[in-house]
Amino acid sequence: MDSLALQLIIIVALVLLNGVFAMAEIALVSARRTRLRQLADTGSGRARLALDLAESPNRFLATVQIGITLVGITAGAFGEATLANNLTALFGDWGVSRSVARWLGLALVVTLLTYLSLVVGELVPKRLGLHRAESIAMLVAPVMQGLSRLAAPAVWLLGASTDLLLRLLGIRASADSKVSEDEVKSLLREGMRAGVFLPVESVMVEGALELDHIPVRQLMTPRAKI
């Protein structure tokens, strides 16, 4: 049982590591670049690293996927090679036939790994990454930067392969999308609901955004009314 407990601890540790990669990915993707840029301008080195990664998605996404894939393969192989075998032996000690015990062991390992991977390795970390995107992005940026440099050849190969396939599909890399007027209005409404902006402030900004749609004649005062 001591060996079984140790194996469970190793499995959980691998799943947690997978969660770190998942959390780093969603945090860097969803972090507001304007906020990171503000922090970088005030001298935050971590914010500068996070901004650098956020503006080079090919590099950090490839790094994250390498980490997640390696952790997933390691967890699966370790679980099948050790945990499943121990569970098979345990069921055998309880009087279960060897063939049934083997299937039971594999089924339990697959179920356990699937549950832990989904909840601990994906859902919870991603919710955390969305909830505190900028803070977590700055926290993991140095580690992700170091890993991307360590795995530079693999990252370059994956990035080049991705770009090639996208070109074959007729998709070209585009510059950063500009903030649209509708997005500004949506942010104003969200800020008003959160209490950051007053209703009158939202009306003023939306009115300013509508100025280019108003005819000049509508803003002018007739001479007879001056």
# chains A, B, ... in the order shown; residues from 1 in each chain; ligands from 1
>>> residues_around(residues="Leu139 of chain A", least_positions_apart="2", cutoff="10 Å", atoms="only C-alpha atoms", output="ChimeraX atom specification")
/A:24,27,46-47,49-50,133-137,141-144
>>> residues_around(residues="Leu104 of chain A", least_positions_apart="3", cutoff="9 Å", atoms="only C-alpha atoms", output="list of chain:residue names")
A:Ala84, A:Leu87, A:Thr88, A:Phe91, A:Ser99, A:Val100, A:Ala101, A:Ala107, A:Leu108, A:Val109
>>> residues_around(residues="segment 72-79 of chain A", least_positions_apart="2", cutoff="10 Å", atoms="only C-alpha atoms", output="PyMOL selection string")
chain A and resi 7-8+10-15+17-18+66-70+81-86+105-106+109-110+112-114+117+121
>>> residues_around(residues="Ala152 of chain A", least_positions_apart="6", cutoff="10 Å", atoms="only C-alpha atoms", output="ChimeraX atom specification")
/A:59,62-63,146,158
>>> atom_distance(atom1="atom CA of Thr42 of chain A", atom2="atom CA of Phe197 of chain A")
24.5 Å
>>> closest_atom_pairs(of="segment 52-146 of chain A", to="segment 29-33 of chain A", cutoff="10 Å", atoms="only C-alpha atoms", output="JSON lines")
{"residue": "A:Asp52", "atom": "CA", "partner": "A:Arg33", "partner_atom": "CA", "distance": 9.8}
{"residue": "A:Leu53", "atom": "CA", "partner": "A:Val29", "partner_atom": "CA", "distance": 9.2}
{"residue": "A:Ala54", "atom": "CA", "partner": "A:Val29", "partner_atom": "CA", "distance": 6.4}
{"residue": "A:Glu55", "atom": "CA", "partner": "A:Arg33", "partner_atom": "CA", "distance": 8.5}
{"residue": "A:Pro57", "atom": "CA", "partner": "A:Val29", "partner_atom": "CA", "distance": 7.9}
{"residue": "A:Phe60", "atom": "CA", "partner": "A:Val29", "partner_atom": "CA", "distance": 9.7}
{"residue": "A:Leu61", "atom": "CA", "partner": "A:Val29", "partner_atom": "CA", "distance": 9.1}
{"residue": "A:Gly129", "atom": "CA", "partner": "A:Ser30", "partner_atom": "CA", "distance": 8.2}
{"residue": "A:Leu130", "atom": "CA", "partner": "A:Ser30", "partner_atom": "CA", "distance": 6.7}
{"residue": "A:His131", "atom": "CA", "partner": "A:Ser30", "partner_atom": "CA", "distance": 9.7}
{"residue": "A:Arg132", "atom": "CA", "partner": "A:Ala31", "partner_atom": "CA", "distance": 8.4}
{"residue": "A:Ala133", "atom": "CA", "partner": "A:Ala31", "partner_atom": "CA", "distance": 4.8}
{"residue": "A:Glu134", "atom": "CA", "partner": "A:Ala31", "partner_atom": "CA", "distance": 5.0}
{"residue": "A:Ser135", "atom": "CA", "partner": "A:Ala31", "partner_atom": "CA", "distance": 8.6}
{"residue": "A:Ile136", "atom": "CA", "partner": "A:Ala31", "partner_atom": "CA", "distance": 8.8}
{"residue": "A:Ala137", "atom": "CA", "partner": "A:Ala31", "partner_atom": "CA", "distance": 6.9}
{"residue": "A:Met138", "atom": "CA", "partner": "A:Ala31", "partner_atom": "CA", "distance": 9.4}
>>> select_by_dssp(residues="segment 20-206 of chain A", states="alpha helix (DSSP H)", output="PyMOL selection string")
chain A and resi 20-30+33-41+45-54+57-78+84-93+98-118+124-131+133-150+152-168+181-194+199-206
>>> closest_residue(among="A:Arg98, A:Glu206, A:Leu4, A:Met23", to="Asp182 of chain A", atoms="only C-alpha atoms")
A:Glu206
>>> decode(residues="segment 155-168 of chain A", atoms="all heavy atoms", output="compact mmCIF listing (two decimals), in the first residue's frame")
# COMPACT_ATOMS: atom_id res chain seq x y z
N VAL A 155 10.37 24.12 -30.31
CA VAL A 155 9.42 25.21 -30.45
C VAL A 155 9.48 25.78 -31.87
O VAL A 155 8.45 26.05 -32.50
CB VAL A 155 9.69 26.31 -29.41
CG1 VAL A 155 8.88 27.57 -29.72
CG2 VAL A 155 9.37 25.81 -28.01
N TRP A 156 10.69 25.96 -32.39
CA TRP A 156 10.84 26.48 -33.74
C TRP A 156 10.22 25.52 -34.77
O TRP A 156 9.50 25.96 -35.68
CB TRP A 156 12.32 26.68 -34.08
CG TRP A 156 12.53 27.11 -35.51
CD1 TRP A 156 12.49 28.38 -36.01
CD2 TRP A 156 12.78 26.24 -36.63
NE1 TRP A 156 12.70 28.37 -37.37
CE2 TRP A 156 12.88 27.08 -37.78
CE3 TRP A 156 12.91 24.86 -36.77
CZ2 TRP A 156 13.11 26.57 -39.05
CZ3 TRP A 156 13.14 24.34 -38.05
CH2 TRP A 156 13.24 25.19 -39.17
N LEU A 157 10.47 24.22 -34.60
CA LEU A 157 9.93 23.23 -35.53
C LEU A 157 8.41 23.23 -35.51
O LEU A 157 7.75 23.23 -36.56
CB LEU A 157 10.46 21.84 -35.17
CG LEU A 157 9.92 20.66 -36.02
CD1 LEU A 157 10.31 20.87 -37.48
CD2 LEU A 157 10.45 19.34 -35.49
N LEU A 158 7.82 23.25 -34.32
CA LEU A 158 6.37 23.26 -34.21
C LEU A 158 5.78 24.56 -34.77
O LEU A 158 4.75 24.53 -35.46
CB LEU A 158 5.95 23.09 -32.75
CG LEU A 158 6.24 21.71 -32.12
CD1 LEU A 158 5.87 21.72 -30.65
CD2 LEU A 158 5.49 20.61 -32.85
N GLY A 159 6.43 25.69 -34.48
CA GLY A 159 5.94 26.96 -35.00
C GLY A 159 6.01 27.03 -36.51
O GLY A 159 5.07 27.48 -37.17
N ALA A 160 7.12 26.57 -37.07
CA ALA A 160 7.28 26.58 -38.52
C ALA A 160 6.27 25.64 -39.19
O ALA A 160 5.69 25.97 -40.23
CB ALA A 160 8.70 26.17 -38.90
N SER A 161 6.04 24.47 -38.58
CA SER A 161 5.06 23.53 -39.12
C SER A 161 3.66 24.11 -39.08
O SER A 161 2.88 23.97 -40.03
CB SER A 161 5.10 22.22 -38.32
OG SER A 161 6.39 21.64 -38.36
N THR A 162 3.34 24.80 -37.98
CA THR A 162 2.02 25.44 -37.85
C THR A 162 1.83 26.51 -38.91
O THR A 162 0.78 26.58 -39.57
CB THR A 162 1.86 26.04 -36.45
OG1 THR A 162 2.01 25.01 -35.47
CG2 THR A 162 0.48 26.69 -36.30
N ASP A 163 2.84 27.36 -39.09
CA ASP A 163 2.76 28.43 -40.09
C ASP A 163 2.61 27.85 -41.50
O ASP A 163 1.84 28.37 -42.32
CB ASP A 163 4.00 29.32 -40.03
CG ASP A 163 4.03 30.17 -38.77
OD1 ASP A 163 2.96 30.37 -38.17
OD2 ASP A 163 5.14 30.61 -38.38
N LEU A 164 3.33 26.77 -41.77
CA LEU A 164 3.26 26.14 -43.09
C LEU A 164 1.86 25.60 -43.36
O LEU A 164 1.29 25.81 -44.44
CB LEU A 164 4.30 25.01 -43.19
CG LEU A 164 4.28 24.19 -44.48
CD1 LEU A 164 4.57 25.10 -45.69
CD2 LEU A 164 5.30 23.06 -44.41
N LEU A 165 1.29 24.90 -42.39
CA LEU A 165 -0.05 24.34 -42.56
C LEU A 165 -1.10 25.45 -42.72
O LEU A 165 -2.03 25.33 -43.51
CB LEU A 165 -0.41 23.45 -41.37
CG LEU A 165 0.32 22.10 -41.31
CD1 LEU A 165 -0.03 21.36 -40.04
CD2 LEU A 165 -0.04 21.24 -42.53
N LEU A 166 -0.93 26.55 -41.96
CA LEU A 166 -1.87 27.66 -42.09
C LEU A 166 -1.78 28.29 -43.47
O LEU A 166 -2.80 28.68 -44.06
CB LEU A 166 -1.59 28.71 -41.01
CG LEU A 166 -1.98 28.32 -39.58
CD1 LEU A 166 -1.54 29.41 -38.60
CD2 LEU A 166 -3.49 28.10 -39.47
N ARG A 167 -0.56 28.41 -43.99
CA ARG A 167 -0.40 28.97 -45.34
C ARG A 167 -1.04 28.06 -46.38
O ARG A 167 -1.64 28.52 -47.34
CB ARG A 167 1.08 29.20 -45.65
CG ARG A 167 1.65 30.46 -45.02
CD ARG A 167 2.96 30.87 -45.67
NE ARG A 167 4.00 29.87 -45.43
CZ ARG A 167 4.83 29.90 -44.39
NH1 ARG A 167 4.73 30.88 -43.50
NH2 ARG A 167 5.75 28.97 -44.23
N LEU A 168 -0.87 26.74 -46.20
CA LEU A 168 -1.50 25.79 -47.12
C LEU A 168 -3.02 25.89 -47.08
O LEU A 168 -3.70 25.63 -48.08
CB LEU A 168 -1.05 24.37 -46.79
CG LEU A 168 0.42 24.03 -47.06
CD1 LEU A 168 0.76 22.63 -46.58
CD2 LEU A 168 0.74 24.17 -48.56
